[in-house]
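Below is the file run27.txt, which contains compact mmCIF, C-alpha atoms and all ligand atoms.
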```txt
# COMPACT_ATOMS: atom_id res chain seq x y z
CA MET J 1 -17.14 5.51 -14.36
CA PRO J 2 -13.91 7.37 -15.05
CA GLY J 3 -12.28 7.91 -11.61
CA ILE J 4 -11.73 4.81 -9.46
CA ILE J 5 -9.63 4.63 -6.30
CA VAL J 6 -8.29 1.39 -4.84
CA VAL J 7 -7.50 1.56 -1.10
CA GLY J 8 -6.20 -1.06 1.33
CA SER J 9 -8.61 -1.45 4.24
CA GLN J 10 -6.35 -3.12 6.81
CA TRP J 11 -2.59 -2.72 7.33
CA GLY J 12 -1.43 -3.30 3.77
CA ASP J 13 -0.64 -6.45 1.82
CA GLU J 14 -4.32 -7.08 1.10
CA GLY J 15 -3.60 -7.91 -2.53
CA LYS J 16 -4.39 -4.50 -4.01
CA GLY J 17 -2.33 -5.31 -7.09
CA LYS J 18 -4.61 -8.22 -7.91
CA ALA J 19 -7.76 -6.07 -7.80
CA THR J 20 -6.06 -3.37 -9.85
CA ASP J 21 -4.87 -5.92 -12.34
CA GLN J 22 -8.45 -7.23 -12.76
CA MET J 23 -9.39 -3.89 -14.25
CA GLY J 24 -6.05 -3.43 -15.99
CA ASP J 25 -6.98 -3.97 -19.61
CA ARG J 26 -9.98 -1.66 -19.42
CA VAL J 27 -8.18 1.16 -17.64
CA ASP J 28 -6.60 4.02 -19.58
CA PHE J 29 -4.39 5.38 -16.79
CA CYS J 30 -3.11 3.51 -13.73
CA VAL J 31 -1.72 6.00 -11.20
CA ARG J 32 0.27 5.55 -7.99
CA TYR J 33 -0.58 8.42 -5.64
CA SER J 34 1.24 7.86 -2.37
CA GLY J 35 4.08 5.98 -0.69
CA GLY J 36 7.16 4.70 -2.42
CA ASN J 37 9.07 1.47 -2.62
CA ASN J 38 7.91 0.52 0.87
CA ALA J 39 5.01 -1.01 -1.07
CA GLY J 40 5.15 -4.39 -2.72
CA HIS J 41 2.68 -5.79 -5.23
CA THR J 42 2.87 -9.38 -6.36
CA LEU J 43 1.03 -10.20 -9.55
CA VAL J 44 0.74 -13.54 -11.25
CA VAL J 45 -0.09 -13.26 -14.95
CA ASP J 46 -0.15 -16.38 -17.15
CA GLY J 47 1.73 -18.24 -14.43
CA GLU J 48 4.50 -15.59 -14.37
CA LYS J 49 5.12 -13.88 -11.05
CA TYR J 50 5.93 -10.14 -10.95
CA ALA J 51 6.92 -8.32 -7.76
CA MET J 52 6.80 -4.55 -8.04
CA HIS J 53 7.44 -1.78 -5.57
CA LEU J 54 7.22 1.53 -7.37
CA LEU J 55 5.69 0.90 -10.76
CA PRO J 56 1.90 0.96 -10.92
CA SER J 57 0.40 -2.51 -11.50
CA GLY J 58 -1.08 -1.19 -14.73
CA ILE J 59 2.39 -1.45 -16.27
CA LEU J 60 1.48 -5.03 -17.18
CA SER J 61 -1.53 -3.91 -19.22
CA PRO J 62 -0.44 -2.68 -22.65
CA ASN J 63 -3.51 -0.45 -23.06
CA SER J 64 -3.00 1.48 -19.85
CA THR J 65 -0.63 4.41 -19.30
CA PRO J 66 1.23 3.97 -15.99
CA VAL J 67 1.66 7.20 -14.02
CA ILE J 68 3.61 8.05 -10.85
CA GLY J 69 1.84 11.00 -9.25
CA ASN J 70 3.18 13.90 -7.21
CA GLY J 71 2.28 12.24 -3.88
CA VAL J 72 4.77 9.41 -4.41
CA VAL J 73 8.35 9.43 -3.12
CA ILE J 74 10.72 7.89 -5.65
CA ASP J 75 13.96 6.03 -5.17
CA LEU J 76 15.27 6.37 -8.70
CA GLY J 77 17.75 3.49 -8.40
CA VAL J 78 14.87 1.20 -7.49
CA LEU J 79 12.62 2.59 -10.21
CA PHE J 80 15.20 2.02 -12.94
CA HIS J 81 16.02 -1.45 -11.64
CA GLU J 82 12.34 -2.35 -11.78
CA ILE J 83 12.03 -0.97 -15.30
CA ASP J 84 15.13 -2.90 -16.42
CA VAL J 85 13.94 -6.19 -14.92
CA LEU J 86 10.47 -5.89 -16.45
CA THR J 87 11.84 -4.78 -19.82
CA GLY J 88 14.14 -7.83 -19.74
CA ARG J 89 11.05 -9.97 -19.32
CA GLY J 90 9.36 -8.41 -22.33
CA VAL J 91 7.14 -5.85 -20.55
CA ASP J 92 7.03 -2.48 -22.30
CA CYS J 93 7.73 0.28 -19.76
CA SER J 94 8.36 3.05 -22.27
CA ASN J 95 5.02 4.72 -21.63
CA LEU J 96 5.65 5.47 -17.94
CA LYS J 97 4.85 9.08 -16.95
CA VAL J 98 6.27 10.70 -13.82
CA SER J 99 5.19 13.88 -12.03
CA SER J 100 7.73 16.70 -11.85
CA ASN J 101 6.49 17.42 -8.31
CA ALA J 102 7.18 13.96 -6.87
CA HIS J 103 9.89 13.89 -4.21
CA ILE J 104 13.12 11.93 -4.45
CA ILE J 105 14.45 9.46 -1.88
CA THR J 106 18.22 9.88 -1.58
CA SER J 107 20.82 7.81 0.23
CA TYR J 108 20.72 10.22 3.18
CA HIS J 109 17.01 9.53 3.60
CA ARG J 110 17.66 5.78 3.68
CA THR J 111 20.45 6.29 6.18
CA MET J 112 18.29 8.50 8.42
CA ASP J 113 15.49 5.90 8.33
CA LYS J 114 17.81 3.12 9.45
CA VAL J 115 19.67 5.03 12.16
CA THR J 116 16.55 6.53 13.72
CA GLU J 117 14.95 3.08 13.90
CA ARG J 118 18.06 1.57 15.44
CA PHE J 119 18.31 4.44 17.93
CA ALA J 120 14.61 4.09 18.88
CA GLY J 121 15.24 0.55 20.15
CA LYS J 122 12.02 -0.81 21.64
CA ARG J 123 10.11 2.28 20.46
CA LYS J 124 10.92 1.58 16.81
CA ILE J 125 8.13 1.70 14.20
CA GLY J 126 9.41 -1.29 12.27
CA THR J 127 9.73 0.70 9.04
CA THR J 128 10.75 -0.89 5.77
CA GLY J 129 14.03 1.05 5.97
CA ARG J 130 13.54 2.51 2.50
CA GLY J 131 13.84 6.16 3.55
CA ILE J 132 10.12 6.87 3.25
CA GLY J 133 9.57 8.76 6.54
CA PRO J 134 12.65 11.01 6.22
CA THR J 135 11.72 11.90 2.60
CA TYR J 136 8.17 12.89 3.55
CA SER J 137 9.58 14.80 6.56
CA ASP J 138 11.80 16.81 4.24
CA LYS J 139 8.82 17.43 1.95
CA ILE J 140 6.77 18.84 4.83
CA ASN J 141 9.81 20.74 6.15
CA ARG J 142 10.13 22.30 2.68
CA MET J 143 13.62 20.96 2.14
CA GLY J 144 12.87 18.01 -0.16
CA ILE J 145 14.38 17.31 -3.56
CA ARG J 146 11.77 17.08 -6.31
CA VAL J 147 11.95 15.49 -9.74
CA GLN J 148 12.09 18.92 -11.39
CA ASP J 149 15.16 19.84 -9.32
CA LEU J 150 17.22 17.20 -11.12
CA PHE J 151 17.39 19.20 -14.32
CA ASP J 152 19.33 22.21 -13.04
CA GLU J 153 22.71 21.32 -11.56
CA GLU J 154 23.32 24.57 -9.69
CA HIS J 155 19.88 24.60 -8.13
CA LEU J 156 20.12 20.90 -7.25
CA ARG J 157 23.50 21.38 -5.58
CA GLN J 158 22.16 24.23 -3.45
CA LYS J 159 19.24 22.13 -2.31
CA VAL J 160 21.33 19.06 -1.52
CA GLU J 161 23.88 21.15 0.37
CA ALA J 162 21.15 22.82 2.42
CA ALA J 163 19.65 19.45 3.30
CA LEU J 164 23.02 17.95 4.16
CA ASP J 165 24.00 20.91 6.37
CA GLN J 166 21.25 19.73 8.67
CA LYS J 167 21.45 15.95 8.09
CA ASN J 168 25.21 15.79 8.66
CA GLN J 169 24.87 17.52 12.03
CA ILE J 170 22.42 14.86 13.09
CA LEU J 171 24.22 11.91 11.52
CA VAL J 172 27.65 12.80 12.85
CA LYS J 173 26.84 14.37 16.22
CA ILE J 174 23.89 12.27 17.35
CA TYR J 175 24.25 8.98 15.54
CA ASN J 176 28.02 8.85 15.17
CA ARG J 177 27.77 8.13 11.44
CA ARG J 178 29.99 9.31 8.62
CA HIS J 179 29.59 12.76 7.06
CA ILE J 180 27.87 12.59 3.65
CA GLU J 181 29.39 14.62 0.81
CA ALA J 182 27.05 16.65 -1.40
CA ASP J 183 29.09 15.76 -4.51
CA GLU J 184 28.34 12.04 -4.41
CA ILE J 185 24.60 12.69 -4.03
CA VAL J 186 24.47 15.38 -6.72
CA GLU J 187 26.35 13.26 -9.25
CA GLU J 188 24.05 10.31 -8.78
CA LEU J 189 20.92 12.46 -8.96
CA LEU J 190 22.07 14.21 -12.13
CA ALA J 191 22.72 10.90 -13.85
CA HIS J 192 19.34 9.60 -12.76
CA GLY J 193 17.69 12.85 -13.86
CA GLU J 194 19.04 12.41 -17.36
CA ARG J 195 17.43 9.00 -17.69
CA LEU J 196 14.21 10.17 -16.08
CA ARG J 197 13.74 13.33 -18.12
CA PRO J 198 11.76 11.81 -21.06
CA MET J 199 9.23 10.32 -18.65
CA VAL J 200 8.51 13.58 -16.82
CA VAL J 201 5.29 15.33 -17.82
CA ASP J 202 2.60 17.50 -16.27
CA THR J 203 0.69 14.57 -14.82
CA VAL J 204 -2.05 16.82 -13.38
CA ARG J 205 -2.91 18.04 -16.85
CA LEU J 206 -2.51 14.58 -18.37
CA LEU J 207 -4.96 12.95 -15.95
CA ASN J 208 -7.52 15.76 -15.96
CA ASP J 209 -7.48 15.93 -19.76
CA GLY J 210 -7.93 12.17 -19.82
CA LEU J 211 -10.93 12.42 -17.52
CA ASP J 212 -12.40 15.19 -19.69
CA GLU J 213 -12.22 12.78 -22.62
CA GLY J 214 -14.05 10.07 -20.65
CA LYS J 215 -10.93 7.96 -20.07
CA ILE J 216 -10.84 5.60 -17.11
CA VAL J 217 -8.31 6.56 -14.45
CA LEU J 218 -7.44 4.06 -11.75
CA PHE J 219 -5.79 5.47 -8.62
CA GLU J 220 -3.77 2.64 -7.17
CA GLY J 221 -3.30 2.86 -3.41
CA ALA J 222 -0.23 1.58 -1.62
CA GLN J 223 -0.16 0.60 2.08
CA ALA J 224 -3.59 1.00 3.66
CA HIS J 225 -6.12 2.93 5.72
CA HIS J 226 -4.70 1.83 9.08
CA LEU J 227 -1.17 2.83 8.03
CA ASP J 228 -2.35 6.33 7.06
CA VAL J 229 -0.51 9.07 8.96
CA ASP J 230 -3.86 10.74 9.83
CA HIS J 231 -6.24 7.80 10.15
CA GLY J 232 -4.03 4.88 11.06
CA THR J 233 -2.61 3.47 14.26
CA TYR J 234 -0.33 6.47 14.81
CA PRO J 235 2.66 6.47 15.38
CA TYR J 236 2.83 2.96 13.89
CA VAL J 237 1.97 4.20 10.43
CA THR J 238 3.65 5.20 7.22
CA SER J 239 4.31 8.89 6.55
CA SER J 240 1.75 9.53 3.82
CA ASN J 241 -2.00 9.41 3.14
CA PRO J 242 -2.85 6.10 1.43
CA THR J 243 -6.55 6.83 2.06
CA ALA J 244 -8.91 7.97 -0.69
CA GLY J 245 -8.34 11.68 -0.05
CA GLY J 246 -4.64 11.08 -0.67
CA ALA J 247 -5.50 10.06 -4.22
CA CYS J 248 -6.71 13.61 -4.87
CA THR J 249 -3.81 15.45 -3.26
CA GLY J 250 -1.33 12.89 -4.57
CA THR J 251 -2.34 13.42 -8.22
CA GLY J 252 -4.03 16.80 -8.55
CA VAL J 253 -7.41 15.33 -9.47
CA GLY J 254 -10.33 16.82 -7.55
CA PRO J 255 -12.76 14.74 -5.43
CA THR J 256 -15.75 15.44 -7.69
CA ARG J 257 -14.05 13.39 -10.40
CA ILE J 258 -14.00 10.23 -8.30
CA ASP J 259 -16.86 7.83 -8.96
CA ARG J 260 -15.85 4.74 -7.12
CA VAL J 261 -13.71 3.79 -4.13
CA ILE J 262 -12.86 0.11 -3.89
CA GLY J 263 -11.60 -1.14 -0.54
CA ILE J 264 -9.39 -4.20 -0.62
CA ALA J 265 -9.73 -6.54 2.35
CA LYS J 266 -8.00 -9.83 2.98
CA ALA J 267 -10.33 -12.58 4.24
CA TYR J 268 -8.23 -12.57 7.44
CA THR J 269 -5.85 -9.92 8.80
CA THR J 270 -2.10 -9.38 8.57
CA ARG J 271 0.32 -6.69 9.61
CA VAL J 272 4.07 -6.12 9.29
CA GLY J 273 6.04 -3.83 11.56
CA GLU J 274 5.11 -2.76 15.07
CA GLY J 275 1.79 -1.48 16.40
CA PRO J 276 -1.49 -2.71 17.87
CA PHE J 277 -3.35 -5.58 16.18
CA PRO J 278 -6.25 -6.86 18.32
CA THR J 279 -6.94 -10.14 16.47
CA GLU J 280 -3.27 -11.17 16.16
CA LEU J 281 -2.75 -14.88 16.83
CA HIS J 282 0.49 -15.78 18.55
CA ASP J 283 -0.09 -19.53 18.39
CA GLU J 284 -0.02 -22.32 15.82
CA THR J 285 -3.27 -20.98 14.28
CA GLY J 286 -1.46 -17.76 13.36
CA GLU J 287 1.46 -19.82 12.11
CA LYS J 288 -0.88 -21.85 9.90
CA LEU J 289 -2.43 -18.71 8.38
CA ARG J 290 1.10 -17.39 7.71
CA THR J 291 2.22 -20.62 6.05
CA ASP J 292 -0.99 -21.24 4.08
CA GLY J 293 -1.19 -17.62 2.97
CA GLY J 294 2.53 -17.23 2.19
CA GLU J 295 2.51 -14.21 4.50
CA PHE J 296 6.03 -12.89 4.11
CA GLY J 297 6.69 -9.30 3.01
CA VAL J 298 7.30 -8.68 -0.70
CA THR J 299 9.53 -5.73 0.19
CA THR J 300 11.46 -6.85 3.26
CA GLY J 301 10.77 -10.61 3.43
CA ARG J 302 9.63 -10.16 7.05
CA PRO J 303 7.07 -12.69 8.31
CA ARG J 304 3.71 -10.97 8.58
CA ARG J 305 1.76 -11.04 11.84
CA CYS J 306 -1.50 -12.93 11.22
CA GLY J 307 -4.96 -13.02 12.78
CA TRP J 308 -8.66 -13.47 12.07
CA PHE J 309 -10.77 -10.97 10.13
CA ASP J 310 -11.48 -7.86 12.15
CA ALA J 311 -14.74 -6.32 10.97
CA LEU J 312 -14.23 -3.14 13.03
CA VAL J 313 -10.96 -2.42 11.28
CA VAL J 314 -12.47 -2.79 7.80
CA GLU J 315 -15.72 -0.99 8.69
CA ALA J 316 -13.72 2.01 9.91
CA ALA J 317 -11.88 2.09 6.59
CA ALA J 318 -15.16 1.72 4.67
CA THR J 319 -16.57 4.74 6.50
CA ALA J 320 -13.60 7.10 6.23
CA ASN J 321 -12.95 6.28 2.56
CA ALA J 322 -16.61 5.99 1.53
CA PHE J 323 -16.07 2.59 -0.06
CA THR J 324 -18.54 1.82 -2.82
CA ASP J 325 -17.28 -1.77 -3.09
CA VAL J 326 -15.02 -4.21 -1.30
CA PHE J 327 -12.79 -6.72 -3.06
CA LEU J 328 -12.14 -9.64 -0.71
CA THR J 329 -8.83 -11.41 -1.30
CA LYS J 330 -7.38 -14.80 -0.35
CA LEU J 331 -10.65 -16.46 0.60
CA ASP J 332 -9.09 -19.76 -0.59
CA ILE J 333 -6.60 -19.60 2.29
CA LEU J 334 -9.45 -20.09 4.75
CA SER J 335 -10.52 -23.45 3.28
CA GLY J 336 -10.04 -26.30 5.74
CA TRP J 337 -11.18 -24.81 9.05
CA ASP J 338 -14.22 -26.25 10.89
CA ARG J 339 -15.01 -22.88 12.43
CA ILE J 340 -13.77 -19.42 11.45
CA PRO J 341 -13.86 -16.68 14.09
CA VAL J 342 -14.63 -13.13 12.94
CA CYS J 343 -14.10 -10.19 15.28
CA VAL J 344 -17.39 -8.29 15.62
CA ALA J 345 -16.67 -6.10 18.66
CA TYR J 346 -13.99 -5.32 21.23
CA ASP J 347 -13.90 -5.55 24.97
CA VAL J 348 -11.91 -2.59 26.28
CA ASN J 349 -11.47 -2.86 30.03
CA GLY J 350 -14.97 -4.28 30.47
CA THR J 351 -16.74 -2.00 28.00
CA ARG J 352 -18.04 -3.38 24.68
CA HIS J 353 -17.17 -1.40 21.53
CA ASP J 354 -19.03 -2.18 18.31
CA ARG J 355 -16.97 0.38 16.42
CA LEU J 356 -13.26 1.18 16.47
CA PRO J 357 -12.54 3.02 19.73
CA MET J 358 -11.67 6.70 19.43
CA SER J 359 -8.31 6.56 21.17
CA GLN J 360 -5.20 4.67 20.27
CA GLN J 361 -4.79 3.62 23.91
CA GLU J 362 -8.20 1.92 23.91
CA PHE J 363 -7.41 0.25 20.60
CA ALA J 364 -4.15 -1.07 22.02
CA GLU J 365 -6.04 -2.54 24.99
CA ALA J 366 -8.89 -4.04 22.94
CA THR J 367 -9.67 -7.74 23.28
CA PRO J 368 -11.60 -9.14 20.31
CA ILE J 369 -15.12 -10.47 20.74
CA TYR J 370 -15.57 -13.19 18.13
CA GLU J 371 -18.52 -14.62 16.29
CA GLU J 372 -17.72 -18.13 15.06
CA LEU J 373 -18.84 -18.91 11.52
CA ASP J 374 -18.95 -22.35 9.96
CA GLY J 375 -15.95 -23.16 7.81
CA TRP J 376 -15.70 -25.23 4.62
CA HIS J 377 -13.23 -27.87 3.46
CA GLU J 378 -13.53 -27.76 -0.31
CA ASP J 379 -10.77 -26.34 -2.49
CA ILE J 380 -12.33 -23.16 -3.90
CA SER J 381 -9.46 -22.07 -6.15
CA GLY J 382 -11.35 -23.18 -9.26
CA CYS J 383 -14.58 -21.29 -8.45
CA ARG J 384 -15.42 -18.46 -10.85
CA GLU J 385 -19.06 -17.67 -9.94
CA PHE J 386 -20.45 -16.84 -6.51
CA ASP J 387 -22.75 -19.86 -6.72
CA ASP J 388 -19.72 -22.14 -7.32
CA LEU J 389 -18.52 -21.38 -3.79
CA PRO J 390 -19.52 -23.82 -1.02
CA VAL J 391 -22.56 -22.48 0.87
CA LYS J 392 -20.51 -21.93 4.02
CA ALA J 393 -18.02 -19.83 2.07
CA GLN J 394 -20.91 -17.83 0.60
CA ASP J 395 -22.26 -17.32 4.11
CA TYR J 396 -18.86 -16.13 5.30
CA VAL J 397 -18.74 -13.53 2.53
CA LYS J 398 -22.33 -12.41 3.18
CA ARG J 399 -21.68 -12.00 6.92
CA LEU J 400 -18.58 -9.90 6.25
CA GLU J 401 -20.61 -7.78 3.87
CA GLU J 402 -23.17 -7.10 6.62
CA LEU J 403 -20.50 -6.27 9.17
CA ILE J 404 -18.57 -3.94 6.88
CA GLY J 405 -21.72 -2.32 5.51
CA THR J 406 -20.42 -2.42 1.93
CA ARG J 407 -21.12 -4.86 -0.89
CA ILE J 408 -18.39 -7.34 -1.74
CA SER J 409 -17.97 -7.10 -5.49
CA GLY J 410 -15.00 -9.35 -6.10
CA ILE J 411 -13.45 -12.33 -4.33
CA GLY J 412 -9.92 -13.64 -4.81
CA VAL J 413 -9.68 -17.44 -4.70
CA GLY J 414 -6.05 -17.84 -5.76
CA PRO J 415 -3.05 -15.79 -6.89
CA GLY J 416 -3.71 -16.00 -10.65
CA ARG J 417 -5.43 -13.20 -12.53
CA GLU J 418 -8.24 -15.58 -13.51
CA GLN J 419 -8.71 -16.95 -9.98
CA THR J 420 -11.39 -14.44 -9.14
CA VAL J 421 -15.11 -14.54 -8.48
CA MET J 422 -16.68 -11.33 -9.77
CA VAL J 423 -20.03 -10.45 -8.24
CA HIS J 424 -20.32 -6.88 -9.53
CA ASP J 425 -18.23 -5.29 -12.24
CA LEU J 426 -15.59 -2.99 -10.72
CA ILE J 427 -15.80 -0.43 -13.50
CA ASP J 428 -19.36 -0.16 -14.88
P1 LIG X 501 7.60 2.95 6.30
O1 LIG X 501 6.48 3.18 5.35
O2 LIG X 501 8.76 2.20 5.69
O3 LIG X 501 8.03 4.19 7.01
O4 LIG X 501 7.06 1.96 7.46
C1 LIG X 501 6.07 2.38 8.39
C2 LIG X 501 5.13 1.23 8.73
O5 LIG X 501 4.33 0.92 7.59
C3 LIG X 501 5.83 -0.07 9.11
O6 LIG X 501 5.03 -0.74 10.07
C4 LIG X 501 5.84 -0.86 7.82
O7 LIG X 501 5.93 -2.25 8.03
C5 LIG X 501 4.49 -0.46 7.26
N1 LIG X 501 4.41 -0.56 5.80
C6 LIG X 501 4.92 0.31 4.89
N2 LIG X 501 4.63 -0.09 3.64
C7 LIG X 501 3.90 -1.21 3.75
C8 LIG X 501 3.25 -2.06 2.79
O8 LIG X 501 3.29 -1.86 1.58
N3 LIG X 501 2.60 -3.12 3.32
C9 LIG X 501 2.51 -3.35 4.64
N4 LIG X 501 3.06 -2.58 5.57
C10 LIG X 501 3.76 -1.51 5.12
```
Would you mind giving the structure from this file in structure tokens?
Amino acid sequence: MPGIIVVGSQWGDEGKGKATDQMGDRVDFCVRYSGGNNAGHTLVVDGEKYAMHLLPSGILSPNSTPVIGNGVVIDLGVLFHEIDVLTGRGVDCSNLKVSSNAHIITSYHRTMDKVTERFAGKRKIGTTGRGIGPTYSDKINRMGIRVQDLFDEEHLRQKVEAALDQKNQILVKIYNRRHIEADEIVEELLAHGERLRPMVVDTVRLLNDGLDEGKIVLFEGAQAHHLDVDHGTYPYVTSSNPTAGGACTGTGVGPTRIDRVIGIAKAYTTRVGEGPFPTELHDETGEKLRTDGGEFGVTTGRPRRCGWFDALVVEAAATANAFTDVFLTKLDILSGWDRIPVCVAYDVNGTRHDRLPMSQQEFAEATPIYEELDGWHEDISGCREFDDLPVKAQDYVKRLEELIGTRISGIGVGPGREQTVMVHDLID
């Protein structure tokens, strides 16, 4: 089973890092393929908590080579800070490999992100403000700065000047912001480039050669299906393709080399930022889920919007990504409810939908139709086998499995690496 993709099946923050980390020691390469430091993974290993934004989770597994693929956008200041913090805590980051085709987030991208959001007022997307959208826009507009551009000063200066010719017009004339000088950007990028240079390799070749040798490559998704610029709740999405196809374009590994696609689903639903969310709870129930689940963003600290599990949302992700398995996270957070509603259909202006409606407008107007399942009161954080779970918790998992149409192979029952119930191996 050499090629395995991990994809979020809701709106991000499903606990993808935990599922990735489960496989960590057996994986030869752990690759980020999309997004940037808008992502946030929290991992708890031996009681130690690690919050990472850009580094692949595999960095914590000494046997795995961490790789940042071409589909990622990199804020080098953030990357080096993360490396320094982890190194200070005894984690070896010296094996990190970075694609020469990955694009760089600069200060003008961060500025553009913030001013466009502020200017949009009520129409804002609720971005993380990390410059992600503007960097991907420049990539598509063919005016981005890539890792390989950092090693030739003259070439880099020309590219930065060309980008700033346009950005400064917008910043100064539309947003009334200060003019940005090319020199300050170029200097910073050159210094960063020097430090980055030893990590830069042909990651396409590296990964494909690894697969040829039977090595296990884990493609670690950031964000999630419903934040995908093509498949998500557009325009309330991120600017990349976190879906399974993005793993191929974001690394240069072809689809025939992928054997498994693991969808990560939280046992309830959360979302940060703006955009439709049919099962969102605006009352004390939502507040309880937020408090019990510690639902505050790893990246921005924003409180996450919370609601019950929406089977239509996860089923749509399972279909479009061809999930072979689902890893269900945070089941322990649901302990203590007498009844647990699960959304099994929508009512859209009097019409029942058993699948995600085709249009965004219908999705925005959807009212959830719930099926109420029996809850359980036992603490399940010590369970390690499926049969250890209370019967009602087992029934909850089995019902979700039916609704999603994909087997649930792993279940998270607590933040620790060991707090997991494995039903089917994620690799073999
Ligand atoms: P951007 O990716 O910063 O442009 O933000 C676009 C949308 O995606 C916003 O609603 C963000 O809150 C959301 N988003 C981006 N990254 C993540 C993530 O890692 N988890 C959850 N939501 C995210």
Using all atoms listed in the file, which residues of chain J come within 8 Å of ligand LIG 501 (chain X), and what is the closest atom pair for each, with the distance in Å to one decimal? Give it as a Markdown table, sorted by chain and residue number.
```
| residue | atom | partner | partner_atom | distance |
| --- | --- | --- | --- | --- |
| J:Trp11 | CA | X:LIG501 | C9 | 5.8 |
| J:Gly12 | CA | X:LIG501 | C9 | 4.0 |
| J:Asp13 | CA | X:LIG501 | N3 | 4.9 |
| J:Gly35 | CA | X:LIG501 | O1 | 7.1 |
| J:Gly36 | CA | X:LIG501 | O1 | 7.9 |
| J:Asn37 | CA | X:LIG501 | N2 | 7.8 |
| J:Asn38 | CA | X:LIG501 | N2 | 4.3 |
| J:Ala39 | CA | X:LIG501 | O8 | 3.3 |
| J:Gly40 | CA | X:LIG501 | O8 | 5.3 |
| J:His41 | CA | X:LIG501 | O8 | 7.9 |
| J:Asp113 | CA | X:LIG501 | O3 | 7.8 |
| J:Ile125 | CA | X:LIG501 | O6 | 5.7 |
| J:Gly126 | CA | X:LIG501 | C3 | 4.9 |
| J:Thr127 | CA | X:LIG501 | O4 | 3.3 |
| J:Thr128 | CA | X:LIG501 | O2 | 3.7 |
| J:Gly129 | CA | X:LIG501 | O2 | 5.4 |
| J:Arg130 | CA | X:LIG501 | O2 | 5.8 |
| J:Gly131 | CA | X:LIG501 | O2 | 6.8 |
| J:Ile132 | CA | X:LIG501 | O3 | 5.1 |
| J:Gly133 | CA | X:LIG501 | O3 | 4.8 |
| J:Ala222 | CA | X:LIG501 | O8 | 5.9 |
| J:Gln223 | CA | X:LIG501 | O8 | 4.3 |
| J:Ala224 | CA | X:LIG501 | N3 | 7.4 |
| J:Leu227 | CA | X:LIG501 | O5 | 5.8 |
| J:Tyr236 | CA | X:LIG501 | O6 | 5.8 |
| J:Val237 | CA | X:LIG501 | C2 | 4.7 |
| J:Thr238 | CA | X:LIG501 | C1 | 3.9 |
| J:Ser239 | CA | X:LIG501 | O3 | 6.0 |
| J:Arg271 | CA | X:LIG501 | C9 | 6.4 |
| J:Val272 | CA | X:LIG501 | O7 | 4.5 |
| J:Gly273 | CA | X:LIG501 | O6 | 3.6 |
| J:Glu274 | CA | X:LIG501 | O6 | 5.4 |
| J:Gly275 | CA | X:LIG501 | O6 | 7.1 |
| J:Gly297 | CA | X:LIG501 | N3 | 7.4 |
| J:Thr299 | CA | X:LIG501 | O8 | 7.5 |
```
Those same residues, written as a short mmCIF file (atom, residue, chain, number, x, y, z; two decimals), in the frame of the given file with C-alpha atoms?
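Writing the result to result.cif gives the following:
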```cif
data_model
loop_
_atom_site.label_atom_id
_atom_site.label_comp_id
_atom_site.auth_asym_id
_atom_site.auth_seq_id
_atom_site.Cartn_x
_atom_site.Cartn_y
_atom_site.Cartn_z
CA TRP J 11 -2.59 -2.72 7.33
CA GLY J 12 -1.43 -3.30 3.77
CA ASP J 13 -0.64 -6.45 1.82
CA GLY J 35 4.08 5.98 -0.69
CA GLY J 36 7.16 4.70 -2.42
CA ASN J 37 9.07 1.47 -2.62
CA ASN J 38 7.91 0.52 0.87
CA ALA J 39 5.01 -1.01 -1.07
CA GLY J 40 5.15 -4.39 -2.72
CA HIS J 41 2.68 -5.79 -5.23
CA ASP J 113 15.49 5.90 8.33
CA ILE J 125 8.13 1.70 14.20
CA GLY J 126 9.41 -1.29 12.27
CA THR J 127 9.73 0.70 9.04
CA THR J 128 10.75 -0.89 5.77
CA GLY J 129 14.03 1.05 5.97
CA ARG J 130 13.54 2.51 2.50
CA GLY J 131 13.84 6.16 3.55
CA ILE J 132 10.12 6.87 3.25
CA GLY J 133 9.57 8.76 6.54
CA ALA J 222 -0.23 1.58 -1.62
CA GLN J 223 -0.16 0.60 2.08
CA ALA J 224 -3.59 1.00 3.66
CA LEU J 227 -1.17 2.83 8.03
CA TYR J 236 2.83 2.96 13.89
CA VAL J 237 1.97 4.20 10.43
CA THR J 238 3.65 5.20 7.22
CA SER J 239 4.31 8.89 6.55
CA ARG J 271 0.32 -6.69 9.61
CA VAL J 272 4.07 -6.12 9.29
CA GLY J 273 6.04 -3.83 11.56
CA GLU J 274 5.11 -2.76 15.07
CA GLY J 275 1.79 -1.48 16.40
CA GLY J 297 6.69 -9.30 3.01
CA THR J 299 9.53 -5.73 0.19
#
```
Nearby residues (all atoms listed in the file) at most 10 Å from Gly252 in chain J, same-chain spacing under 5 positions excluded, as a list in words: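 The filter keeps Tyr33, Gly69, Asn70, Gly71, Thr203, Val204, Arg205, Leu207, Asn208, Gly246 and Ala247 of chain J.
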Hey, which of J:Ala393, J:Val172, J:Ile145, J:Met422 ends up closest to Met23 in chain J? Count only C-alpha atoms.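 Result for the nearest residue to Met23 in chain J: J:Met422.
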Between J:His231, J:Arg399, J:Lys114, J:Lys215, single out the one closest to Pro341 in chain J, counting all atoms listed in the file. J:Arg399
Kindly indicate which residue among J:Glu401, J:Asp259, J:Glu365, J:Asp212 lies nearest to Pro276 in chain J, using only C-alpha atoms for the distances.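 Nearest candidate to Pro276 in chain J out of J:Glu401, J:Asp259, J:Glu365, J:Asp212: J:Glu365.
Here CA of Arg197 in chain J stands at a distance of 20.7 Å from CA of Asp183 in chain J.
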Rounded to one decimal, what separation in Å do you get between CA of Gln166 in chain J and CA of His103 in chain J?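 Answer for the CA of Gln166 in chain J to CA of His103 in chain J separation: 18.1 Å.
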